[in-house]
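Raw contents of final-v9.txt, compact mmCIF, C-alpha atoms:
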# COMPACT_ATOMS: atom_id res chain seq x y z
CA MET A 1095 57.68 -23.71 -20.27
CA GLY A 1096 54.56 -25.47 -21.54
CA GLY A 1097 55.13 -24.59 -25.20
CA LEU A 1098 53.53 -21.14 -25.05
CA GLY A 1099 54.18 -17.75 -23.39
CA PHE A 1100 51.89 -15.02 -24.71
CA ALA A 1101 52.74 -12.57 -21.91
CA LEU A 1102 56.49 -13.16 -21.87
CA SER A 1103 58.84 -10.40 -23.02
CA ASP A 1104 62.57 -10.90 -22.66
CA GLN A 1105 65.29 -8.77 -24.21
CA GLN A 1106 67.43 -11.87 -24.77
CA TYR A 1107 64.93 -13.77 -26.93
CA LEU A 1108 62.77 -13.34 -30.02
CA SER A 1109 59.28 -14.80 -29.70
CA ASP A 1110 57.12 -15.66 -32.71
CA LEU A 1111 54.09 -16.05 -30.41
CA ASN A 1112 53.42 -12.41 -29.57
CA PRO A 1113 54.91 -9.53 -31.60
CA ALA A 1114 54.33 -7.19 -28.65
CA SER A 1115 57.25 -8.89 -26.86
CA TRP A 1116 59.67 -7.28 -29.33
CA THR A 1117 59.48 -3.93 -27.51
CA GLU A 1118 62.09 -5.28 -25.05
CA LEU A 1119 64.70 -5.88 -27.75
CA ARG A 1120 67.99 -4.13 -26.88
CA LEU A 1121 70.48 -5.75 -29.26
CA SER A 1122 70.29 -7.04 -32.81
CA ARG A 1123 69.49 -10.74 -32.50
CA VAL A 1124 69.55 -13.88 -34.60
CA GLU A 1125 67.84 -17.08 -33.43
CA THR A 1126 67.61 -20.49 -35.01
CA SER A 1127 66.67 -23.96 -33.84
CA PHE A 1128 66.51 -27.64 -34.77
CA LEU A 1129 64.05 -30.23 -33.53
CA TYR A 1130 64.59 -33.96 -32.97
CA ASN A 1131 61.27 -35.80 -33.01
CA GLY A 1132 60.83 -39.43 -32.00
CA ASP A 1133 57.45 -41.16 -32.18
CA LYS A 1134 56.32 -44.55 -30.96
CA LEU A 1135 53.03 -45.29 -32.72
CA GLN A 1136 50.85 -48.04 -31.25
CA THR A 1137 47.78 -49.91 -32.38
CA SER A 1138 45.97 -52.47 -30.27
CA SER A 1139 48.31 -55.17 -31.60
CA THR A 1140 51.61 -53.64 -32.78
CA SER A 1141 53.90 -50.61 -32.55
CA VAL A 1142 56.64 -48.87 -34.54
CA TYR A 1143 59.22 -46.18 -33.71
CA HIS A 1144 60.10 -43.36 -36.10
CA SER A 1145 62.46 -40.42 -35.65
CA ASP A 1146 63.70 -37.48 -37.65
CA VAL A 1147 65.36 -34.06 -37.35
CA PHE A 1148 63.71 -30.86 -38.59
CA PHE A 1149 64.88 -27.30 -39.13
CA ASN A 1150 62.67 -25.27 -36.83
CA GLY A 1151 63.04 -21.78 -38.28
CA VAL A 1152 65.19 -18.65 -38.06
CA MET A 1153 64.36 -15.15 -36.78
CA PHE A 1154 66.15 -11.79 -37.07
CA GLY A 1155 65.41 -8.80 -34.83
CA PHE A 1156 66.71 -5.22 -34.84
CA PRO A 1157 65.96 -2.47 -32.28
CA ILE A 1158 65.25 0.82 -34.02
CA GLU A 1159 64.20 3.15 -31.17
CA LYS A 1160 64.69 1.56 -27.76
CA ASP A 1161 62.88 4.22 -25.72
CA LEU A 1162 59.75 3.82 -27.84
CA GLY A 1163 60.10 0.04 -28.09
CA ILE A 1164 60.25 0.15 -31.89
CA SER A 1165 61.84 -2.97 -33.35
CA LEU A 1166 61.91 -4.66 -36.74
CA VAL A 1167 61.66 -8.47 -36.76
CA PHE A 1168 61.41 -10.97 -39.58
CA GLY A 1169 61.91 -14.69 -40.04
CA ILE A 1170 60.57 -18.03 -41.23
CA VAL A 1171 58.96 -20.65 -38.97
CA PRO A 1172 57.18 -23.92 -39.86
CA ILE A 1173 53.54 -24.18 -38.81
CA SER A 1174 52.73 -27.69 -40.08
CA ASN A 1175 54.57 -30.83 -41.11
CA VAL A 1176 53.37 -33.83 -43.10
CA GLN A 1177 55.45 -37.00 -42.99
CA TYR A 1178 54.04 -40.51 -43.06
CA ASP A 1179 54.72 -43.82 -44.81
CA THR A 1180 52.22 -46.61 -44.15
CA LYS A 1181 51.96 -50.08 -45.72
CA GLU A 1182 48.98 -52.42 -45.61
CA GLN A 1183 49.23 -56.08 -46.67
CA ILE A 1184 46.03 -57.33 -48.34
CA VAL A 1185 45.21 -61.00 -48.91
CA ASP A 1186 42.56 -61.13 -51.63
CA SER A 1187 41.67 -64.24 -53.65
CA LEU A 1188 39.62 -62.20 -56.14
CA ILE A 1189 42.24 -59.74 -57.42
CA ASP A 1190 45.48 -61.31 -56.06
CA ASN A 1191 47.43 -60.41 -52.96
CA HIS A 1192 48.80 -56.87 -52.92
CA THR A 1193 50.23 -54.10 -50.77
CA ASN A 1194 48.68 -50.67 -50.33
CA GLU A 1195 51.17 -47.93 -49.53
CA TYR A 1196 50.34 -44.39 -48.41
CA GLN A 1197 52.96 -41.64 -48.24
CA GLY A 1198 52.88 -37.95 -47.39
CA THR A 1199 55.56 -35.26 -47.31
CA GLY A 1200 55.81 -31.49 -47.08
CA GLY A 1201 54.24 -28.82 -44.95
CA ILE A 1202 53.40 -25.14 -44.64
CA SER A 1203 55.73 -22.42 -43.35
CA LYS A 1204 55.16 -18.81 -42.37
CA PHE A 1205 57.29 -15.79 -43.24
CA THR A 1206 56.79 -13.05 -40.64
CA LEU A 1207 57.65 -9.36 -40.95
CA GLY A 1208 56.60 -7.10 -38.11
CA SER A 1209 57.28 -4.31 -35.67
CA SER A 1210 56.44 -3.23 -32.13
CA TYR A 1211 55.71 -0.02 -30.25
CA LYS A 1212 55.28 1.11 -26.65
CA LEU A 1213 51.91 2.78 -26.16
CA PRO A 1214 51.06 5.09 -23.24
CA PHE A 1215 50.44 3.60 -19.77
CA GLY A 1216 53.07 0.90 -20.34
CA LEU A 1217 51.02 -1.03 -22.93
CA ASN A 1218 53.08 -2.84 -25.57
CA LEU A 1219 51.75 -3.35 -29.10
CA GLY A 1220 53.04 -5.58 -31.89
CA LEU A 1221 51.86 -6.21 -35.42
CA SER A 1222 53.18 -8.59 -38.08
CA TYR A 1223 52.44 -9.43 -41.69
CA ASP A 1224 52.31 -13.20 -42.20
CA TYR A 1225 52.85 -14.90 -45.54
CA TYR A 1226 52.02 -18.62 -45.66
CA PHE A 1227 53.56 -20.89 -48.27
CA GLY A 1228 54.44 -24.53 -48.86
CA ARG A 1229 53.70 -27.77 -50.67
CA ILE A 1230 52.11 -31.02 -49.52
CA GLU A 1231 52.32 -34.27 -51.51
CA ASN A 1232 50.13 -37.31 -50.88
CA THR A 1233 50.72 -40.59 -52.71
CA SER A 1234 48.62 -43.77 -52.74
CA SER A 1235 50.12 -46.85 -54.41
CA ILE A 1236 49.20 -50.48 -54.98
CA PHE A 1237 51.80 -53.20 -55.54
CA PHE A 1238 50.76 -56.71 -56.62
CA VAL A 1239 52.71 -59.92 -56.10
CA ASP A 1240 55.20 -60.82 -58.86
CA ASN A 1241 53.07 -63.45 -60.61
CA SER A 1242 49.91 -61.31 -60.64
CA THR A 1243 48.06 -60.49 -63.84
CA TYR A 1244 47.47 -56.98 -62.49
CA GLY A 1245 49.91 -54.11 -62.78
CA ASN A 1246 51.17 -51.75 -60.11
CA ALA A 1247 49.74 -48.24 -60.00
CA SER A 1248 49.96 -45.05 -58.00
CA PHE A 1249 48.10 -41.79 -57.54
CA LYS A 1250 49.89 -38.61 -56.42
CA ARG A 1251 48.38 -35.27 -55.47
CA GLN A 1252 50.53 -32.15 -55.16
CA ILE A 1253 49.12 -29.01 -53.57
CA ASN A 1254 50.98 -25.70 -53.49
CA TYR A 1255 49.76 -23.20 -50.90
CA SER A 1256 50.21 -19.43 -50.64
CA GLY A 1257 48.30 -16.81 -48.70
CA MET A 1258 48.52 -13.79 -46.42
CA GLY A 1259 47.38 -12.90 -42.93
CA PHE A 1260 48.37 -10.80 -39.94
CA THR A 1261 49.01 -11.11 -36.22
CA VAL A 1262 48.40 -8.43 -33.60
CA GLY A 1263 49.52 -8.71 -30.00
CA LEU A 1264 49.31 -6.75 -26.75
CA ILE A 1265 51.23 -7.06 -23.48
CA SER A 1266 50.11 -5.02 -20.49
CA ASN A 1267 52.24 -3.06 -18.07
CA ASP A 1268 53.20 -4.44 -14.67
CA PHE A 1269 50.06 -4.90 -12.55
CA ALA A 1270 52.09 -6.12 -9.56
CA LYS A 1271 52.90 -2.57 -8.49
CA TYR A 1272 49.17 -1.93 -7.93
CA LEU A 1273 48.64 -5.01 -5.73
CA GLY A 1274 51.26 -4.33 -3.08
CA ILE A 1275 52.29 -8.01 -2.68
CA LYS A 1276 55.90 -8.07 -1.49
CA ASN A 1277 57.42 -10.81 -3.66
CA LEU A 1278 55.13 -10.47 -6.67
CA LYS A 1279 56.79 -8.76 -9.66
CA ASN A 1280 56.25 -8.26 -13.40
CA LEU A 1281 52.61 -9.38 -13.43
CA LYS A 1282 51.61 -8.98 -17.07
CA VAL A 1283 48.77 -10.10 -19.33
CA GLY A 1284 49.29 -10.91 -23.00
CA LEU A 1285 46.74 -11.16 -25.80
CA VAL A 1286 47.35 -12.37 -29.37
CA TYR A 1287 45.04 -12.58 -32.38
CA SER A 1288 46.17 -14.18 -35.65
CA SER A 1289 43.83 -13.76 -38.59
CA GLY A 1290 44.67 -17.07 -40.22
CA ALA A 1291 44.76 -16.98 -44.01
CA SER A 1292 42.76 -17.55 -47.16
CA MET A 1293 45.36 -19.51 -49.10
CA ASN A 1294 45.45 -20.05 -52.84
CA SER A 1295 45.74 -23.79 -53.41
CA ASP A 1296 47.06 -25.14 -56.70
CA SER A 1297 46.37 -28.88 -56.97
CA LEU A 1298 47.89 -31.26 -59.52
CA GLU A 1299 47.11 -34.98 -59.84
CA ILE A 1300 49.47 -37.56 -61.40
CA TYR A 1301 48.42 -41.11 -62.32
CA SER A 1302 51.18 -43.70 -62.87
CA THR A 1303 51.08 -47.29 -64.13
CA SER A 1304 53.59 -49.70 -65.66
CA VAL A 1305 53.04 -48.11 -69.09
CA GLY A 1306 53.69 -44.50 -68.03
CA SER A 1307 52.35 -41.46 -66.22
CA VAL A 1308 49.50 -39.10 -67.02
CA ASP A 1309 48.82 -35.69 -65.49
CA GLY A 1310 45.27 -35.28 -64.32
CA PRO A 1311 43.35 -32.02 -64.34
CA SER A 1312 44.80 -29.22 -62.25
CA GLN A 1313 42.54 -27.29 -59.91
CA ASP A 1314 42.75 -23.92 -58.19
CA TYR A 1315 40.73 -23.27 -55.05
CA LYS A 1316 40.85 -21.61 -51.63
CA THR A 1317 41.95 -23.16 -48.35
CA GLU A 1318 40.65 -21.24 -45.33
CA LEU A 1319 42.97 -21.47 -42.33
CA PRO A 1320 41.00 -20.36 -39.21
CA TYR A 1321 42.07 -17.61 -36.85
CA LYS A 1322 43.95 -18.17 -33.58
CA LEU A 1323 43.32 -16.49 -30.25
CA GLY A 1324 45.73 -16.69 -27.33
CA ILE A 1325 45.75 -15.18 -23.85
CA GLY A 1326 48.35 -15.54 -21.15
CA VAL A 1327 49.59 -14.33 -17.78
CA SER A 1328 53.20 -14.14 -16.60
CA PHE A 1329 54.70 -13.03 -13.29
CA ASN A 1330 57.79 -13.32 -11.14
CA TRP A 1331 57.91 -14.48 -7.55
CA THR A 1332 60.99 -12.66 -6.31
CA ASP A 1333 63.50 -12.15 -9.11
CA ASP A 1334 64.43 -15.84 -9.31
CA TYR A 1335 61.17 -17.54 -10.31
CA ALA A 1336 59.01 -16.82 -13.36
CA PHE A 1337 55.58 -18.40 -13.99
CA ILE A 1338 53.34 -18.44 -17.06
CA LEU A 1339 49.75 -19.57 -17.61
CA ASP A 1340 48.38 -19.65 -21.16
CA TYR A 1341 45.35 -20.59 -23.25
CA LEU A 1342 45.23 -21.00 -27.05
CA TYR A 1343 42.13 -21.51 -29.20
CA GLN A 1344 41.74 -22.17 -32.94
CA PRO A 1345 38.35 -23.19 -34.43
CA PHE A 1346 39.41 -25.89 -36.89
CA SER A 1347 35.73 -26.75 -37.36
CA LYS A 1348 35.78 -23.67 -39.64
CA PHE A 1349 38.71 -24.96 -41.70
CA ARG A 1350 37.58 -25.11 -45.33
CA GLU A 1351 39.17 -26.61 -48.40
CA ASN A 1352 37.51 -25.77 -51.70
CA GLY A 1353 34.50 -24.50 -49.76
CA MET A 1354 34.03 -27.72 -47.76
CA THR A 1355 34.61 -28.38 -44.09
CA ASN A 1356 36.32 -31.54 -42.84
CA ARG A 1357 34.31 -33.92 -40.66
CA TYR A 1358 37.52 -35.19 -39.06
CA LEU A 1359 38.36 -31.77 -37.59
CA ARG A 1360 37.08 -30.04 -34.47
CA ASP A 1361 38.02 -26.90 -32.51
CA TYR A 1362 41.53 -26.89 -31.05
CA SER A 1363 42.43 -25.65 -27.57
CA LYS A 1364 45.55 -25.79 -25.42
CA TYR A 1365 46.24 -25.04 -21.75
CA SER A 1366 49.79 -24.68 -20.49
CA LEU A 1367 51.64 -23.90 -17.28
CA GLY A 1368 55.35 -23.09 -17.10
CA LEU A 1369 58.10 -22.26 -14.61
CA GLU A 1370 61.61 -20.83 -14.92
CA TYR A 1371 64.30 -20.55 -12.27
CA HIS A 1372 67.49 -18.53 -12.59
CA ASN A 1373 69.79 -16.93 -10.04
CA ALA A 1374 69.07 -13.25 -10.62
CA ASP A 1375 71.73 -12.12 -8.15
CA ALA A 1376 74.54 -14.27 -9.53
CA ARG A 1377 77.78 -12.27 -9.55
CA SER A 1378 80.24 -15.11 -9.21
CA ASN A 1379 82.57 -16.57 -11.78
CA SER A 1380 80.80 -19.92 -11.58
CA PHE A 1381 79.32 -21.06 -14.88
CA TRP A 1382 76.42 -22.83 -13.12
CA ASP A 1383 75.13 -19.61 -11.56
CA TYR A 1384 74.11 -18.35 -15.00
CA ILE A 1385 72.08 -21.35 -16.15
CA ALA A 1386 68.29 -20.96 -16.29
CA LEU A 1387 66.14 -24.04 -15.59
CA ARG A 1388 62.68 -24.42 -17.08
CA GLY A 1389 59.73 -26.83 -16.91
CA GLY A 1390 56.05 -27.04 -17.70
CA VAL A 1391 52.96 -29.07 -18.57
CA SER A 1392 50.27 -28.71 -21.21
CA TYR A 1393 46.96 -30.29 -22.16
CA GLU A 1394 45.58 -30.09 -25.70
CA GLN A 1395 42.25 -30.90 -27.24
CA THR A 1396 43.70 -31.48 -30.70
CA GLN A 1397 41.80 -30.68 -33.87
CA TYR A 1398 41.47 -34.36 -34.85
CA PHE A 1399 38.16 -36.21 -34.49
CA ILE A 1400 38.32 -39.70 -36.02
CA ASN A 1401 35.99 -42.71 -35.76
CA GLY A 1402 33.79 -40.73 -33.39
CA THR A 1403 36.68 -40.15 -30.98
CA GLY A 1404 38.49 -36.90 -30.24
CA LEU A 1405 42.26 -37.15 -29.89
CA ASN A 1406 43.73 -35.36 -26.88
CA GLN A 1407 47.33 -34.78 -25.87
CA PHE A 1408 49.17 -34.35 -22.58
CA SER A 1409 52.80 -33.17 -22.45
CA VAL A 1410 55.49 -32.46 -19.88
CA TYR A 1411 58.45 -30.20 -20.58
CA THR A 1412 61.86 -29.45 -19.14
CA GLY A 1413 65.00 -27.73 -20.32
CA PHE A 1414 67.71 -25.22 -19.63
CA SER A 1415 69.44 -22.17 -21.06
CA MET A 1416 73.17 -21.60 -20.72
CA PRO A 1417 75.36 -18.69 -21.81
CA ILE A 1418 77.99 -19.26 -24.47
CA SER A 1419 79.22 -15.65 -24.31
CA TYR A 1420 77.86 -12.25 -23.34
CA ASP A 1421 74.22 -11.99 -24.52
CA ASN A 1422 74.52 -15.27 -26.48
CA THR A 1423 72.75 -18.37 -25.22
CA LEU A 1424 72.28 -22.02 -26.09
CA ASN A 1425 68.88 -23.47 -25.18
CA VAL A 1426 67.87 -27.12 -24.91
CA GLY A 1427 64.27 -28.19 -24.40
CA PHE A 1428 62.75 -31.63 -23.84
CA GLN A 1429 59.13 -32.63 -24.35
CA TYR A 1430 57.44 -35.96 -23.67
CA GLY A 1431 53.82 -36.39 -24.68
CA VAL A 1432 51.02 -38.89 -25.13
CA ARG A 1433 48.42 -38.37 -27.85
CA GLY A 1434 45.45 -40.43 -28.98
CA THR A 1435 44.21 -43.88 -28.02
CA THR A 1436 44.21 -47.44 -29.33
CA ASP A 1437 40.42 -47.66 -28.90
CA ASN A 1438 38.12 -47.65 -31.96
CA ASN A 1439 40.93 -48.81 -34.27
CA LEU A 1440 42.97 -45.64 -33.67
CA LEU A 1441 46.63 -44.90 -32.97
CA LYS A 1442 48.28 -43.99 -29.69
CA ASP A 1443 51.34 -41.81 -30.03
CA ASN A 1444 54.09 -41.62 -27.39
CA PHE A 1445 56.53 -38.99 -28.59
CA PHE A 1446 59.75 -37.41 -27.39
CA ARG A 1447 61.12 -34.14 -28.73
CA VAL A 1448 64.42 -32.37 -28.18
CA ASN A 1449 64.75 -28.78 -29.33
CA PHE A 1450 68.17 -27.16 -29.77
CA SER A 1451 68.15 -23.40 -30.27
CA ALA A 1452 70.74 -20.64 -30.20
CA SER A 1453 70.22 -16.93 -29.66
CA PHE A 1454 72.94 -14.48 -30.65
CA GLY A 1455 72.87 -10.79 -29.71
CA ASP A 1456 75.24 -8.06 -30.79
CA ILE A 1457 75.42 -4.39 -31.74
CA TRP A 1458 75.14 -4.43 -35.54
CA PHE A 1459 74.36 -0.78 -36.23
CA MET A 1460 75.60 2.34 -34.44
CA ARG A 1461 74.33 5.85 -35.06
CA VAL A 1462 77.14 8.27 -35.83
CA GLU A 1463 76.88 11.51 -33.85
CA ARG A 1464 77.39 14.60 -36.00
Structure translated into structure tokens:
Amino acid sequence: MGGLGFALSDQQYLSDLNPASWTELRLSRVETSFLYNGDKLQTSSTSVYHSDVFFNGVMFGFPIEKDLGISLVFGIVPISNVQYDTKEQIVDSLIDNHTNEYQGTGGISKFTLGSSYKLPFGLNLGLSYDYYFGRIENTSSIFFVDNSTYGNASFKRQINYSGMGFTVGLISNDFAKYLGIKNLKNLKVGLVYSSGASMNSDSLEIYSTSVGSVDGPSQDYKTELPYKLGIGVSFNWTDDYAFILDYLYQPFSKFRENGMTNRYLRDYSKYSLGLEYHNADARSNSFWDYIALRGGVSYEQTQYFINGTGLNQFSVYTGFSMPISYDNTLNVGFQYGVRGTTDNNLLKDNFFRVNFSASFGDIWFMRVER
């Protein structure tokens, strides 16, 4: 549904976008997902295809007081991923022919622990504690031809990250009942603010040659992850069609590492539009009557600004949700997107993603009447 959904609240799903959506939780739930990512990277003269599968997180949710919308939710979700392996062949008569190789692995994840509450006038509130952690490794290597008088060498930098932040979210009550439009239902507005984090960064450098390895000086500094602000609208047209419209902003121009900004980063923004169809009146024994169909589009001004050119991204989405038993669903989502350009010696990225997720709901705890 466009990759966002700040105003969505559904008792059958756990959302890590807006903690206020947890007020609708009716059963204890467990959700997990995996992501297949395929990328076709293009330059002005060549292209390469790369694919991989990633674990996309797990969430647990427990309703504590349903009438008050109090729920307890926790889980781990990835927020960034680093994975590249690039080789460059150099023909050089001065220092012999060689190959430069650049590799990167790792990423940052977020552990979330939060709760929700129904305020007066139908306003839903959610708050979560966010703990960021992870490691990123970058390696630069040089390999000379076999008969060279020079030796191979490499430089590796390891950075361990850890830091804390918080997320607060609001979802309004149903404004549709004040408008008097016949088929308009569940018109809600959602607002989310995430504080970002001031992360402790522990950096270690390792230098390697043919005679051995030497650890360089370690360094401790702060990495400032900027805040995020999201706003969205959701509504139903009859009971069968649901629409969402969302906007996300994160000022990456304020991203700082060791007190310094990055000239290759700019402010990030995303616009998305989504649609869901399901047969709300299905009472038949047909399996197909209980499948929900979804689709959407999004446009992103990404945070990357390289060679004087900003990299933008356009994506289309589709997918479906099908029941595997009562209150348990299997969800499949597809995304195709285009990012970047081959102008100014840059890369154009055509990517295809398939997300497989499962949501399981059950009664785990029952209060014993005395």
Selection near region 1392-1408 of chain A, 7 Å with only C-alpha atoms, sequence-local residues under 5 positions removed, as a list in words: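 Residues meeting the cut-off are Gly1096, Phe1346, Tyr1358, Leu1359, Arg1360, Asp1361, Tyr1362, Ser1363, Lys1364, Tyr1365, Ser1366, Leu1367, Gly1431, Val1432, Arg1433, Gly1434 and Asn1438 of chain A.
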Write a file of the selected residues as a PDB file, keeping the file's coordinate frame, keeping C-alpha atoms.
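Saved file selection_3.pdb follows:
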ATOM      1  CA  GLY A1096      54.560 -25.470 -21.540  1.00  0.00           C
ATOM      2  CA  PHE A1346      39.410 -25.890 -36.890  1.00  0.00           C
ATOM      3  CA  TYR A1358      37.520 -35.190 -39.060  1.00  0.00           C
ATOM      4  CA  LEU A1359      38.360 -31.770 -37.590  1.00  0.00           C
ATOM      5  CA  ARG A1360      37.080 -30.040 -34.470  1.00  0.00           C
ATOM      6  CA  ASP A1361      38.020 -26.900 -32.510  1.00  0.00           C
ATOM      7  CA  TYR A1362      41.530 -26.890 -31.050  1.00  0.00           C
ATOM      8  CA  SER A1363      42.430 -25.650 -27.570  1.00  0.00           C
ATOM      9  CA  LYS A1364      45.550 -25.790 -25.420  1.00  0.00           C
ATOM     10  CA  TYR A1365      46.240 -25.040 -21.750  1.00  0.00           C
ATOM     11  CA  SER A1366      49.790 -24.680 -20.490  1.00  0.00           C
ATOM     12  CA  LEU A1367      51.640 -23.900 -17.280  1.00  0.00           C
ATOM     13  CA  GLY A1431      53.820 -36.390 -24.680  1.00  0.00           C
ATOM     14  CA  VAL A1432      51.020 -38.890 -25.130  1.00  0.00           C
ATOM     15  CA  ARG A1433      48.420 -38.370 -27.850  1.00  0.00           C
ATOM     16  CA  GLY A1434      45.450 -40.430 -28.980  1.00  0.00           C
ATOM     17  CA  ASN A1438      38.120 -47.650 -31.960  1.00  0.00           C
TER      18      ASN A1438
END
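For the set A:Tyr1321, A:Tyr1211, A:Tyr1143, A:Phe1149, the residue with the smallest atom-to-atom gap to Gly1163 (chain A) is A:Tyr1211, counting only C-alpha atoms.
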Residue neighbourhood Thr1317 (chain A), 12 Å, all atoms listed in the file, exclusion window fewer than 2 positions, as a PyMOL selection string: chain A and resi 1226-1227+1253-1258+1290-1297+1314-1315+1319-1320+1348-1356
Between CA of Gly1324 (chain A) and CA of Tyr1341 (chain A), distance in Å (one decimal):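 Interatomic distance here is 5.7 Å.
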Nearest candidate to Phe1260 (chain A) (options A:Ile1300, A:Leu1441, A:Leu1219, A:Leu1207; using all atoms listed in the file): A:Leu1207
Exercise: Asp1421 (chain A) partners within 8 Å, all atoms listed in the file, chain neighbours under 2 positions left out, as a list in words: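 Within the cut-off, the hits are Gln1106, Pro1417, Ser1419, Thr1423, Phe1454, Gly1455 and Asp1456 of chain A.
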Test item: residues at most 12 Å from Ala1374 (chain A), all atoms listed in the file, excluding those fewer than 4 positions along its chain, as a ChimeraX atom specification: /A:1330-1336,1370,1378,1383-1386
Among the residues A:Ser1235, A:Ser1109, A:Ser1127, A:Asn1150, the one that comes closest to Ser1248 (chain A) [using all atoms listed in the file]: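 Checking each candidate against Ser1248 (chain A), we get A:Ser1235 as the closest.
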Neighbour residues at most 12 Å from (62.2, -40.0, -31.7) (only C-alpha atoms) as a PyMOL selection string: chain A and resi 1129-1135+1142-1148+1428-1431+1443-1449
